[in-house]
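Worksheet: one structure, shown below.
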Number of protein chains: 4
Amino acid sequence: MEPRNENWKARCEAGFFTQDVMGTLGVSIAELVPGRIVLEMPFNAAFTQHHGFLHAGTVTTVLDSACGFAAFTLMPEDREVLTVEFKSNFLSPAKGSVFRFEGEVVKSGRTLSVTRGTAFADGVAISTMQATMMAVAL
Amino acid sequence: MEPRNENWKARCEAGFFTQDVMGTLGVSIAELVPGRIVLEMPFNAAFTQHHGFLHAGTVTTVLDSACGFAAFTLMPEDREVLTVEFKSNFLSPAKGSVFRFEGEVVKSGRTLSVTRGTAFADGVAISTMQATMMAVAL
Amino acid sequence: MEPRNENWKARCEAGFFTQDVMGTLGVSIAELVPGRIVLEMPFNAAFTQHHGFLHAGTVTTVLDSACGFAAFTLMPEDREVLTVEFKSNFLSPAKGSVFRFEGEVVKSGRTLSVTRGTAFADGVAISTMQATMMAVAL
Amino acid sequence: MEPRNENWKARCEAGFFTQDVMGTLGVSIAELVPGRIVLEMPFNAAFTQHHGFLHAGTVTTVLDSACGFAAFTLMPEDREVLTVEFKSNFLSPAKGSVFRFEGEVVKSGRTLSVTRGTAFADGVAISTMQATMMAVAL
């Protein structure tokens, strides 16, 4: 996929760390190419549900950012990205020590982008997301 | 809607606080009746996105718990609830000082329950969720 | 909700019957007010699944049109509506002789509208939809 | 993926044609392997929306069957499959003469299966679905 501005990578990296929740959760960028981003996060007991696994909402928080930043890699310089909606299925318990979140663009339109995300716990797929992102003027 | 065990309320209140993420986010129970729960959470900058509003994933975390506990109010004594999937639309920026999350049961089946959730920021609807919950043996 | 052009009703009625699939399925408009439409359809064995009930996709076809036309009641004169995405949960078998489909607007934005639909079979709720519609220039 | 009964293929083929809507729409099976099915359908003006393209609901009807039968390929002999819910994004107009629908299993659980479907019009991706299927006793 083709980026629409030459500073796409620096913009994504800078933008990522303006989301305070990413720092709070300890999320880092593991991979970043046009149309695709991979995020990582260590287990953190502060964000768990009643079995001591990561809460579905915590997994979704990082997956949503993965999908949003995947879409953002393909935005022109005067646009940012907002989440319109997302849908997640939960496949296995979010049980593990290292979590990986892959986000990628299925279709990058002028106004709307369709994205897909998958979360893994120690290599096991735990959640899959289908999300719509909207380009809005800065 | 009819609870299927007489301790439903105590079970929900106890269960709620075993989700560590609820304490981390500062969520409290504002209302609890069979088939419906209302949660509240104050604004917290640690869980924000790039505009300083609550991150869509943070909103979703609490909405998911609202939907799950709404379903849980109607479970028999030997069952707990897991999230199968959810879908959220985002209606307005999550901008405010007090957030309210309403979860209610649309249909409570033997295995699956369909639930709906709505989040409000200072009274304004910001997100709406449709979620499937599954009863699993304790 | 406030229509944004005075011919909204005539436009909706005319537009509805340009969807050939509505005639094929035998769908009629039972109610039409700004922000809300109710459609009806008799049982038709040609559109059934393996138990002889209406196929989930048939139910979804009419619900999608109900949500789309609900959004369309609030569009300015130079806009039409396209479906961005929808999500449906199935609550009970689509078993009955008369089917009713209610579509209503949750939020009508300038570009995107969030809508909700519910389908009934002889008065029993069988499916619930959450859908995003997009205003596009004619 | 491993089928759980040796007659899986004959069962799928037989089951497919008990869905009357598949005959009505003119759908045929183009490919069938464990965990995956491909369906095809010619353009039919009776199932179109206001631009003369296939209605989103028609596309969804066939995608839902593709996802359901993909799940069904992996079911034990005493189980059939019901749709719990699905979510579809629409990527491009459903404009073309031959439509192709791919359904595949993401995870086949004992009770629930998560599936994914993609629809193509003359080779162009037009819709993507994420669906949950439930195994129920025959």
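In the structure tokens, the first chain shown is A, the next is B, and so on; residue numbers restart at 1 for each chain, and ligands run from 1 in the order shown.
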
Item to complete: Dump as a ChimeraX atom specification the residues of chain C that approach chain B to within 9 Å, counting only C-alpha atoms.
Response: /C:87-91,106-107,109,113-114,128-132

Could you fit chain D onto chain B with a least-squares superposition over all C-alpha atoms, matched one to one in order, and give me the transformed chain as a short mmCIF file (atom, residue, chain, number, x, y, z; two decimals) with N, CA and C atoms, in the first residue's frame?
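Output below, filename result_24.cif:
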```
data_model
loop_
_atom_site.label_atom_id
_atom_site.label_comp_id
_atom_site.auth_asym_id
_atom_site.auth_seq_id
_atom_site.Cartn_x
_atom_site.Cartn_y
_atom_site.Cartn_z
N MET D 1 -37.43 -8.57 34.21
CA MET D 1 -36.77 -9.86 34.00
C MET D 1 -36.56 -10.57 35.33
N GLU D 2 -36.59 -11.90 35.28
CA GLU D 2 -36.56 -12.71 36.50
C GLU D 2 -35.18 -13.29 36.79
N PRO D 3 -34.60 -12.97 37.92
CA PRO D 3 -33.33 -13.62 38.29
C PRO D 3 -33.55 -15.12 38.50
N ARG D 4 -32.49 -15.92 38.27
CA ARG D 4 -32.61 -17.38 38.42
C ARG D 4 -31.92 -17.89 39.68
N ASN D 5 -31.49 -16.95 40.54
CA ASN D 5 -31.03 -17.39 41.86
C ASN D 5 -31.18 -16.21 42.82
N GLU D 6 -31.47 -16.51 44.06
CA GLU D 6 -31.87 -15.45 44.99
C GLU D 6 -30.70 -14.56 45.44
N ASN D 7 -29.48 -15.05 45.23
CA ASN D 7 -28.32 -14.25 45.62
C ASN D 7 -27.77 -13.43 44.47
N TRP D 8 -28.53 -13.23 43.42
CA TRP D 8 -28.02 -12.59 42.22
C TRP D 8 -27.32 -11.26 42.53
N LYS D 9 -27.90 -10.47 43.43
CA LYS D 9 -27.35 -9.13 43.65
C LYS D 9 -26.00 -9.18 44.37
N ALA D 10 -25.92 -9.97 45.43
CA ALA D 10 -24.65 -10.10 46.16
C ALA D 10 -23.57 -10.69 45.25
N ARG D 11 -23.97 -11.66 44.44
CA ARG D 11 -23.02 -12.29 43.51
C ARG D 11 -22.47 -11.28 42.50
N CYS D 12 -23.34 -10.42 41.99
CA CYS D 12 -22.90 -9.42 41.01
C CYS D 12 -21.95 -8.42 41.65
N GLU D 13 -22.34 -7.94 42.82
CA GLU D 13 -21.50 -6.95 43.49
C GLU D 13 -20.13 -7.54 43.82
N ALA D 14 -20.13 -8.77 44.34
CA ALA D 14 -18.86 -9.40 44.67
C ALA D 14 -18.03 -9.64 43.40
N GLY D 15 -18.70 -10.16 42.37
CA GLY D 15 -17.99 -10.48 41.12
C GLY D 15 -17.40 -9.24 40.47
N PHE D 16 -18.12 -8.16 40.56
CA PHE D 16 -17.68 -6.94 39.90
C PHE D 16 -16.29 -6.52 40.37
N PHE D 17 -16.08 -6.63 41.67
CA PHE D 17 -14.82 -6.12 42.20
C PHE D 17 -13.67 -7.13 42.11
N THR D 18 -13.96 -8.30 41.53
CA THR D 18 -12.85 -9.21 41.22
C THR D 18 -12.27 -8.90 39.84
N GLN D 19 -12.87 -7.95 39.13
CA GLN D 19 -12.27 -7.48 37.88
C GLN D 19 -11.34 -6.31 38.23
N ASP D 20 -10.05 -6.60 38.32
CA ASP D 20 -9.12 -5.56 38.79
C ASP D 20 -9.17 -4.30 37.93
N VAL D 21 -9.46 -4.47 36.64
CA VAL D 21 -9.47 -3.30 35.77
C VAL D 21 -10.54 -2.29 36.21
N MET D 22 -11.61 -2.76 36.84
CA MET D 22 -12.66 -1.84 37.29
C MET D 22 -12.14 -0.91 38.40
N GLY D 23 -11.34 -1.49 39.30
CA GLY D 23 -10.71 -0.66 40.33
C GLY D 23 -9.70 0.30 39.73
N THR D 24 -8.90 -0.20 38.80
CA THR D 24 -7.89 0.63 38.15
C THR D 24 -8.53 1.85 37.47
N LEU D 25 -9.69 1.62 36.85
CA LEU D 25 -10.38 2.71 36.14
C LEU D 25 -11.25 3.56 37.08
N GLY D 26 -11.43 3.12 38.30
CA GLY D 26 -12.26 3.87 39.25
C GLY D 26 -13.75 3.76 38.99
N VAL D 27 -14.18 2.61 38.51
CA VAL D 27 -15.60 2.41 38.17
C VAL D 27 -16.39 1.98 39.40
N SER D 28 -17.58 2.51 39.53
CA SER D 28 -18.48 2.08 40.62
C SER D 28 -19.85 1.71 40.05
N ILE D 29 -20.61 0.96 40.85
CA ILE D 29 -21.96 0.54 40.44
C ILE D 29 -22.96 1.60 40.91
N ALA D 30 -23.72 2.16 39.97
CA ALA D 30 -24.68 3.21 40.34
C ALA D 30 -26.09 2.66 40.46
N GLU D 31 -26.34 1.54 39.77
CA GLU D 31 -27.70 0.98 39.76
C GLU D 31 -27.58 -0.49 39.40
N LEU D 32 -28.40 -1.33 40.03
CA LEU D 32 -28.31 -2.77 39.77
C LEU D 32 -29.67 -3.40 39.98
N VAL D 33 -30.32 -3.80 38.90
CA VAL D 33 -31.60 -4.51 38.98
C VAL D 33 -31.50 -5.71 38.03
N PRO D 34 -32.39 -6.68 38.14
CA PRO D 34 -32.30 -7.84 37.25
C PRO D 34 -32.35 -7.44 35.78
N GLY D 35 -31.32 -7.81 35.04
CA GLY D 35 -31.29 -7.51 33.60
C GLY D 35 -30.70 -6.16 33.26
N ARG D 36 -30.23 -5.42 34.26
CA ARG D 36 -29.74 -4.07 33.99
C ARG D 36 -28.76 -3.61 35.06
N ILE D 37 -27.68 -2.94 34.59
CA ILE D 37 -26.71 -2.36 35.52
C ILE D 37 -26.28 -1.01 34.98
N VAL D 38 -26.01 -0.07 35.87
CA VAL D 38 -25.45 1.22 35.47
C VAL D 38 -24.14 1.42 36.22
N LEU D 39 -23.08 1.73 35.47
CA LEU D 39 -21.76 1.96 36.06
C LEU D 39 -21.38 3.42 35.88
N GLU D 40 -20.52 3.90 36.75
CA GLU D 40 -20.03 5.28 36.62
C GLU D 40 -18.53 5.32 36.78
N MET D 41 -17.90 6.30 36.14
CA MET D 41 -16.45 6.44 36.19
C MET D 41 -16.11 7.91 36.02
N PRO D 42 -15.20 8.43 36.84
CA PRO D 42 -14.78 9.82 36.65
C PRO D 42 -13.76 9.89 35.52
N PHE D 43 -13.61 11.04 34.92
CA PHE D 43 -12.56 11.24 33.90
C PHE D 43 -11.20 10.91 34.51
N ASN D 44 -10.34 10.28 33.70
CA ASN D 44 -8.99 9.95 34.16
C ASN D 44 -8.03 10.10 32.97
N ALA D 45 -7.13 11.07 33.07
CA ALA D 45 -6.24 11.40 31.93
C ALA D 45 -5.33 10.25 31.53
N ALA D 46 -5.16 9.28 32.43
CA ALA D 46 -4.27 8.15 32.10
C ALA D 46 -4.85 7.25 31.01
N PHE D 47 -6.14 7.43 30.70
CA PHE D 47 -6.80 6.52 29.76
C PHE D 47 -7.33 7.26 28.53
N THR D 48 -6.59 8.25 28.10
CA THR D 48 -7.07 9.11 27.02
C THR D 48 -6.37 8.82 25.69
N GLN D 49 -7.00 9.34 24.63
CA GLN D 49 -6.39 9.26 23.29
C GLN D 49 -5.74 10.62 22.97
N HIS D 50 -5.45 10.86 21.70
CA HIS D 50 -4.61 11.99 21.32
C HIS D 50 -5.27 13.36 21.46
N HIS D 51 -6.59 13.42 21.68
CA HIS D 51 -7.22 14.73 21.92
C HIS D 51 -7.44 14.98 23.41
N GLY D 52 -7.02 14.00 24.23
CA GLY D 52 -7.25 14.15 25.66
C GLY D 52 -8.63 13.69 26.10
N PHE D 53 -9.38 13.05 25.18
CA PHE D 53 -10.67 12.46 25.55
C PHE D 53 -10.44 11.00 25.94
N LEU D 54 -11.42 10.40 26.62
CA LEU D 54 -11.27 8.97 26.94
C LEU D 54 -11.09 8.19 25.64
N HIS D 55 -10.19 7.22 25.65
CA HIS D 55 -9.95 6.37 24.49
C HIS D 55 -11.18 5.49 24.24
N ALA D 56 -11.50 5.27 22.97
CA ALA D 56 -12.63 4.40 22.61
C ALA D 56 -12.53 3.05 23.31
N GLY D 57 -11.33 2.56 23.49
CA GLY D 57 -11.15 1.27 24.14
C GLY D 57 -11.47 1.33 25.63
N THR D 58 -11.21 2.44 26.25
CA THR D 58 -11.55 2.61 27.67
C THR D 58 -13.07 2.61 27.83
N VAL D 59 -13.73 3.38 26.99
CA VAL D 59 -15.20 3.40 27.00
C VAL D 59 -15.74 1.98 26.80
N THR D 60 -15.12 1.27 25.87
CA THR D 60 -15.57 -0.08 25.55
C THR D 60 -15.33 -1.05 26.70
N THR D 61 -14.22 -0.86 27.41
CA THR D 61 -13.92 -1.73 28.56
C THR D 61 -15.06 -1.68 29.58
N VAL D 62 -15.51 -0.48 29.88
CA VAL D 62 -16.57 -0.36 30.90
C VAL D 62 -17.92 -0.80 30.32
N LEU D 63 -18.19 -0.47 29.07
CA LEU D 63 -19.44 -0.92 28.44
C LEU D 63 -19.51 -2.45 28.39
N ASP D 64 -18.39 -3.09 28.07
CA ASP D 64 -18.36 -4.55 28.02
C ASP D 64 -18.69 -5.12 29.40
N SER D 65 -18.12 -4.53 30.45
CA SER D 65 -18.44 -5.02 31.79
C SER D 65 -19.90 -4.75 32.13
N ALA D 66 -20.41 -3.61 31.70
CA ALA D 66 -21.83 -3.32 31.95
C ALA D 66 -22.72 -4.38 31.28
N CYS D 67 -22.41 -4.71 30.04
CA CYS D 67 -23.21 -5.72 29.33
C CYS D 67 -23.04 -7.10 29.99
N GLY D 68 -21.81 -7.43 30.35
CA GLY D 68 -21.55 -8.73 30.97
C GLY D 68 -22.27 -8.88 32.31
N PHE D 69 -22.21 -7.84 33.13
CA PHE D 69 -22.86 -7.95 34.44
C PHE D 69 -24.38 -7.86 34.31
N ALA D 70 -24.88 -7.15 33.32
CA ALA D 70 -26.33 -7.19 33.08
C ALA D 70 -26.76 -8.63 32.80
N ALA D 71 -26.00 -9.33 31.96
CA ALA D 71 -26.31 -10.74 31.67
C ALA D 71 -26.16 -11.60 32.93
N PHE D 72 -25.15 -11.28 33.72
CA PHE D 72 -24.85 -12.07 34.92
C PHE D 72 -25.97 -12.00 35.96
N THR D 73 -26.70 -10.89 36.01
CA THR D 73 -27.81 -10.77 36.97
C THR D 73 -28.86 -11.86 36.75
N LEU D 74 -28.91 -12.43 35.54
CA LEU D 74 -29.95 -13.41 35.22
C LEU D 74 -29.42 -14.85 35.13
N MET D 75 -28.18 -15.05 35.56
CA MET D 75 -27.58 -16.38 35.47
C MET D 75 -27.95 -17.26 36.67
N PRO D 76 -28.10 -18.57 36.47
CA PRO D 76 -28.24 -19.49 37.60
C PRO D 76 -26.95 -19.50 38.43
N GLU D 77 -27.03 -20.10 39.62
CA GLU D 77 -25.93 -20.02 40.59
C GLU D 77 -24.64 -20.67 40.11
N ASP D 78 -24.75 -21.65 39.22
CA ASP D 78 -23.56 -22.39 38.80
C ASP D 78 -22.99 -21.90 37.48
N ARG D 79 -23.32 -20.68 37.11
CA ARG D 79 -22.84 -20.15 35.83
C ARG D 79 -22.15 -18.81 36.01
N GLU D 80 -21.14 -18.59 35.17
CA GLU D 80 -20.59 -17.25 35.05
C GLU D 80 -20.72 -16.83 33.58
N VAL D 81 -20.19 -15.66 33.25
CA VAL D 81 -20.45 -15.09 31.93
C VAL D 81 -19.13 -14.72 31.25
N LEU D 82 -19.00 -15.09 29.98
CA LEU D 82 -17.85 -14.66 29.18
C LEU D 82 -18.33 -13.88 27.97
N THR D 83 -17.54 -12.91 27.53
CA THR D 83 -17.89 -12.14 26.34
C THR D 83 -17.56 -12.96 25.08
N VAL D 84 -18.57 -13.19 24.26
CA VAL D 84 -18.35 -13.85 22.96
C VAL D 84 -17.86 -12.84 21.93
N GLU D 85 -18.55 -11.72 21.86
CA GLU D 85 -18.20 -10.68 20.89
C GLU D 85 -18.96 -9.43 21.25
N PHE D 86 -18.45 -8.29 20.78
CA PHE D 86 -19.23 -7.05 20.89
C PHE D 86 -18.94 -6.16 19.70
N LYS D 87 -19.86 -5.22 19.50
CA LYS D 87 -19.76 -4.25 18.41
C LYS D 87 -20.14 -2.90 18.97
N SER D 88 -19.29 -1.91 18.76
CA SER D 88 -19.55 -0.57 19.28
C SER D 88 -19.53 0.46 18.17
N ASN D 89 -20.48 1.37 18.20
CA ASN D 89 -20.43 2.58 17.37
C ASN D 89 -20.12 3.76 18.27
N PHE D 90 -19.32 4.68 17.75
CA PHE D 90 -18.95 5.85 18.52
C PHE D 90 -19.69 7.06 17.97
N LEU D 91 -20.40 7.74 18.87
CA LEU D 91 -21.39 8.74 18.46
C LEU D 91 -20.89 10.16 18.61
N SER D 92 -20.11 10.41 19.66
CA SER D 92 -19.61 11.75 19.98
C SER D 92 -18.30 11.58 20.75
N PRO D 93 -17.47 12.61 20.80
CA PRO D 93 -16.22 12.51 21.55
C PRO D 93 -16.47 12.19 23.02
N ALA D 94 -15.62 11.35 23.61
CA ALA D 94 -15.76 10.94 25.01
C ALA D 94 -15.14 12.01 25.90
N LYS D 95 -15.80 13.15 25.90
CA LYS D 95 -15.30 14.39 26.51
C LYS D 95 -16.21 14.77 27.66
N GLY D 96 -15.69 14.75 28.88
CA GLY D 96 -16.54 15.09 30.01
C GLY D 96 -15.85 14.77 31.31
N SER D 97 -16.55 15.00 32.40
CA SER D 97 -15.94 14.72 33.71
C SER D 97 -16.55 13.49 34.37
N VAL D 98 -17.82 13.18 34.07
CA VAL D 98 -18.43 11.97 34.63
C VAL D 98 -19.00 11.12 33.50
N PHE D 99 -18.64 9.85 33.51
CA PHE D 99 -19.08 8.92 32.47
C PHE D 99 -20.03 7.90 33.08
N ARG D 100 -21.08 7.60 32.33
CA ARG D 100 -22.12 6.69 32.79
C ARG D 100 -22.27 5.60 31.73
N PHE D 101 -22.45 4.37 32.17
CA PHE D 101 -22.48 3.22 31.27
C PHE D 101 -23.68 2.36 31.62
N GLU D 102 -24.64 2.28 30.73
CA GLU D 102 -25.83 1.47 30.99
C GLU D 102 -25.74 0.17 30.21
N GLY D 103 -25.93 -0.95 30.89
CA GLY D 103 -25.95 -2.25 30.22
C GLY D 103 -27.27 -2.92 30.49
N GLU D 104 -27.89 -3.52 29.44
CA GLU D 104 -29.15 -4.22 29.68
C GLU D 104 -29.28 -5.44 28.79
N VAL D 105 -30.07 -6.38 29.25
CA VAL D 105 -30.27 -7.63 28.53
C VAL D 105 -31.41 -7.46 27.53
N VAL D 106 -31.13 -7.82 26.28
CA VAL D 106 -32.17 -7.84 25.24
C VAL D 106 -32.85 -9.20 25.25
N LYS D 107 -32.04 -10.25 25.33
CA LYS D 107 -32.59 -11.62 25.43
C LYS D 107 -31.64 -12.49 26.24
N SER D 108 -32.17 -13.14 27.25
CA SER D 108 -31.36 -14.02 28.10
C SER D 108 -31.68 -15.47 27.75
N GLY D 109 -30.81 -16.10 26.96
CA GLY D 109 -31.02 -17.50 26.60
C GLY D 109 -30.31 -18.42 27.57
N ARG D 110 -30.44 -19.73 27.36
CA ARG D 110 -29.81 -20.69 28.25
C ARG D 110 -28.29 -20.62 28.11
N THR D 111 -27.82 -20.58 26.86
CA THR D 111 -26.37 -20.52 26.63
C THR D 111 -25.91 -19.11 26.31
N LEU D 112 -26.64 -18.42 25.42
CA LEU D 112 -26.22 -17.10 24.96
C LEU D 112 -27.20 -16.02 25.40
N SER D 113 -26.65 -14.87 25.74
CA SER D 113 -27.47 -13.69 26.04
C SER D 113 -27.08 -12.56 25.11
N VAL D 114 -28.06 -11.85 24.60
CA VAL D 114 -27.81 -10.67 23.79
C VAL D 114 -28.05 -9.45 24.67
N THR D 115 -27.10 -8.54 24.63
CA THR D 115 -27.16 -7.37 25.52
C THR D 115 -26.91 -6.10 24.73
N ARG D 116 -27.27 -4.98 25.35
CA ARG D 116 -27.05 -3.67 24.71
C ARG D 116 -26.48 -2.73 25.76
N GLY D 117 -25.54 -1.89 25.34
CA GLY D 117 -24.96 -0.92 26.26
C GLY D 117 -24.89 0.46 25.63
N THR D 118 -25.02 1.48 26.46
CA THR D 118 -24.85 2.85 25.99
C THR D 118 -23.99 3.61 26.99
N ALA D 119 -23.03 4.36 26.46
CA ALA D 119 -22.16 5.18 27.33
C ALA D 119 -22.50 6.65 27.14
N PHE D 120 -22.42 7.40 28.24
CA PHE D 120 -22.72 8.83 28.24
C PHE D 120 -21.57 9.60 28.87
N ALA D 121 -21.26 10.75 28.32
CA ALA D 121 -20.28 11.67 28.93
C ALA D 121 -21.04 12.92 29.34
N ASP D 122 -21.10 13.16 30.65
CA ASP D 122 -21.88 14.29 31.16
C ASP D 122 -23.27 14.35 30.52
N GLY D 123 -23.89 13.19 30.36
CA GLY D 123 -25.27 13.13 29.87
C GLY D 123 -25.43 12.99 28.37
N VAL D 124 -24.35 13.13 27.62
CA VAL D 124 -24.41 13.02 26.15
C VAL D 124 -24.03 11.59 25.73
N ALA D 125 -24.84 10.96 24.89
CA ALA D 125 -24.53 9.60 24.42
C ALA D 125 -23.27 9.62 23.57
N ILE D 126 -22.30 8.80 23.93
CA ILE D 126 -21.03 8.79 23.19
C ILE D 126 -20.75 7.46 22.49
N SER D 127 -21.38 6.37 22.91
CA SER D 127 -21.10 5.08 22.30
C SER D 127 -22.25 4.13 22.56
N THR D 128 -22.52 3.25 21.60
CA THR D 128 -23.57 2.25 21.78
C THR D 128 -23.02 0.90 21.38
N MET D 129 -23.28 -0.10 22.20
CA MET D 129 -22.72 -1.44 22.01
C MET D 129 -23.82 -2.50 21.89
N GLN D 130 -23.58 -3.49 21.04
CA GLN D 130 -24.43 -4.68 20.97
C GLN D 130 -23.50 -5.87 21.22
N ALA D 131 -23.77 -6.67 22.25
CA ALA D 131 -22.80 -7.69 22.66
C ALA D 131 -23.47 -9.02 22.94
N THR D 132 -22.74 -10.09 22.68
CA THR D 132 -23.19 -11.45 22.97
C THR D 132 -22.38 -12.00 24.15
N MET D 133 -23.08 -12.51 25.15
CA MET D 133 -22.44 -13.10 26.32
C MET D 133 -22.78 -14.58 26.39
N MET D 134 -21.87 -15.37 26.93
CA MET D 134 -22.07 -16.82 27.00
C MET D 134 -22.03 -17.27 28.45
N ALA D 135 -23.02 -18.10 28.82
CA ALA D 135 -23.01 -18.70 30.15
C ALA D 135 -22.08 -19.90 30.13
N VAL D 136 -21.14 -19.94 31.06
CA VAL D 136 -20.25 -21.11 31.15
C VAL D 136 -20.29 -21.62 32.58
N ALA D 137 -20.07 -22.94 32.73
CA ALA D 137 -20.10 -23.56 34.06
C ALA D 137 -18.97 -23.00 34.91
N LEU D 138 -19.27 -22.77 36.16
CA LEU D 138 -18.23 -22.29 37.10
C LEU D 138 -17.15 -23.35 37.28
#
```

Discussion item. Please return, as an MDAnalysis selection string, all residues of chain D that DSSP assigns to strand (DSSP E or B) on the basis of the backbone.
Written reply: chainID D and resid 28:33 36:42 48 54 79:90 98:108 112:121 124:137

Worksheet entry | DSSP helix (DSSP H, G or I) selection over chain A, as a ChimeraX atom specification | /A:8-16,20-25,45-47,56-72

Just-selected residues, N, CA and C atoms written as a CSV table (one decimal), in the first residue's frame:
```csv
chain,number,residue,atom,x,y,z
A,8,TRP,N,4.9,9.9,6.7
A,8,TRP,CA,4.0,9.1,7.4
A,8,TRP,C,4.5,8.4,8.6
A,9,LYS,N,5.8,7.9,8.5
A,9,LYS,CA,6.3,7.1,9.6
A,9,LYS,C,6.5,7.9,10.9
A,10,ALA,N,7.2,9.1,10.7
A,10,ALA,CA,7.4,10.0,11.8
A,10,ALA,C,6.1,10.4,12.5
A,11,ARG,N,5.1,10.7,11.6
A,11,ARG,CA,3.8,11.2,12.1
A,11,ARG,C,3.2,10.1,12.9
A,12,CYS,N,3.3,8.9,12.5
A,12,CYS,CA,2.6,7.8,13.2
A,12,CYS,C,3.3,7.6,14.6
A,13,GLU,N,4.6,7.6,14.6
A,13,GLU,CA,5.3,7.3,15.8
A,13,GLU,C,5.0,8.5,16.8
A,14,ALA,N,5.1,9.7,16.3
A,14,ALA,CA,4.8,10.8,17.2
A,14,ALA,C,3.3,10.8,17.7
A,15,GLY,N,2.4,10.5,16.8
A,15,GLY,CA,1.0,10.4,17.1
A,15,GLY,C,0.7,9.4,18.2
A,16,PHE,N,1.4,8.3,18.0
A,16,PHE,CA,1.1,7.1,18.9
A,16,PHE,C,1.3,7.5,20.3
A,20,ASP,N,-2.3,8.9,25.7
A,20,ASP,CA,-1.7,8.6,27.0
A,20,ASP,C,-2.0,7.2,27.4
A,21,VAL,N,-3.2,6.6,27.0
A,21,VAL,CA,-3.5,5.3,27.4
A,21,VAL,C,-2.5,4.3,26.9
A,22,MET,N,-1.8,4.5,25.9
A,22,MET,CA,-0.8,3.6,25.4
A,22,MET,C,0.4,3.5,26.3
A,23,GLY,N,0.8,4.7,26.9
A,23,GLY,CA,1.9,4.7,27.9
A,23,GLY,C,1.4,4.0,29.2
A,24,THR,N,0.2,4.3,29.6
A,24,THR,CA,-0.4,3.7,30.8
A,24,THR,C,-0.4,2.2,30.7
A,25,LEU,N,-0.7,1.6,29.5
A,25,LEU,CA,-0.8,0.2,29.3
A,25,LEU,C,0.6,-0.4,29.0
A,45,ALA,N,-1.4,-6.9,35.6
A,45,ALA,CA,-2.5,-7.3,36.5
A,45,ALA,C,-3.5,-6.2,36.7
A,46,ALA,N,-3.1,-5.0,36.6
A,46,ALA,CA,-4.1,-3.9,36.8
A,46,ALA,C,-5.2,-3.8,35.8
A,47,PHE,N,-5.0,-4.5,34.7
A,47,PHE,CA,-6.0,-4.5,33.6
A,47,PHE,C,-6.7,-5.8,33.3
A,56,ALA,N,-11.3,-8.2,28.2
A,56,ALA,CA,-11.6,-8.0,26.8
A,56,ALA,C,-11.5,-6.6,26.4
A,57,GLY,N,-11.8,-5.6,27.2
A,57,GLY,CA,-11.8,-4.2,26.9
A,57,GLY,C,-10.3,-3.7,26.8
A,58,THR,N,-9.5,-4.3,27.5
A,58,THR,CA,-8.0,-3.9,27.4
A,58,THR,C,-7.5,-4.4,26.1
A,59,VAL,N,-7.8,-5.6,25.8
A,59,VAL,CA,-7.3,-6.2,24.5
A,59,VAL,C,-7.9,-5.3,23.4
A,60,THR,N,-9.1,-4.9,23.5
A,60,THR,CA,-9.8,-4.1,22.5
A,60,THR,C,-9.2,-2.7,22.4
A,61,THR,N,-8.8,-2.1,23.5
A,61,THR,CA,-8.2,-0.8,23.5
A,61,THR,C,-6.9,-0.8,22.6
A,62,VAL,N,-6.1,-1.8,22.7
A,62,VAL,CA,-4.8,-1.9,22.0
A,62,VAL,C,-5.1,-2.2,20.5
A,63,LEU,N,-6.1,-3.2,20.3
A,63,LEU,CA,-6.5,-3.5,18.9
A,63,LEU,C,-7.0,-2.3,18.2
A,64,ASP,N,-7.9,-1.5,18.9
A,64,ASP,CA,-8.4,-0.3,18.2
A,64,ASP,C,-7.3,0.6,17.8
A,65,SER,N,-6.3,0.8,18.7
A,65,SER,CA,-5.2,1.7,18.3
A,65,SER,C,-4.4,1.1,17.2
A,66,ALA,N,-4.3,-0.2,17.2
A,66,ALA,CA,-3.5,-0.9,16.0
A,66,ALA,C,-4.3,-0.6,14.7
A,67,CYS,N,-5.6,-0.8,14.7
A,67,CYS,CA,-6.4,-0.6,13.5
A,67,CYS,C,-6.3,0.9,13.1
A,68,GLY,N,-6.5,1.8,14.1
A,68,GLY,CA,-6.4,3.2,13.8
A,68,GLY,C,-5.1,3.7,13.2
A,69,PHE,N,-4.0,3.2,13.8
A,69,PHE,CA,-2.7,3.7,13.3
A,69,PHE,C,-2.4,3.0,12.0
A,70,ALA,N,-2.9,1.8,11.8
A,70,ALA,CA,-2.7,1.2,10.4
A,70,ALA,C,-3.3,2.1,9.4
A,71,ALA,N,-4.6,2.5,9.7
A,71,ALA,CA,-5.2,3.5,8.7
A,71,ALA,C,-4.5,4.8,8.6
A,72,PHE,N,-3.9,5.2,9.7
A,72,PHE,CA,-3.2,6.5,9.7
A,72,PHE,C,-2.0,6.5,8.9
```
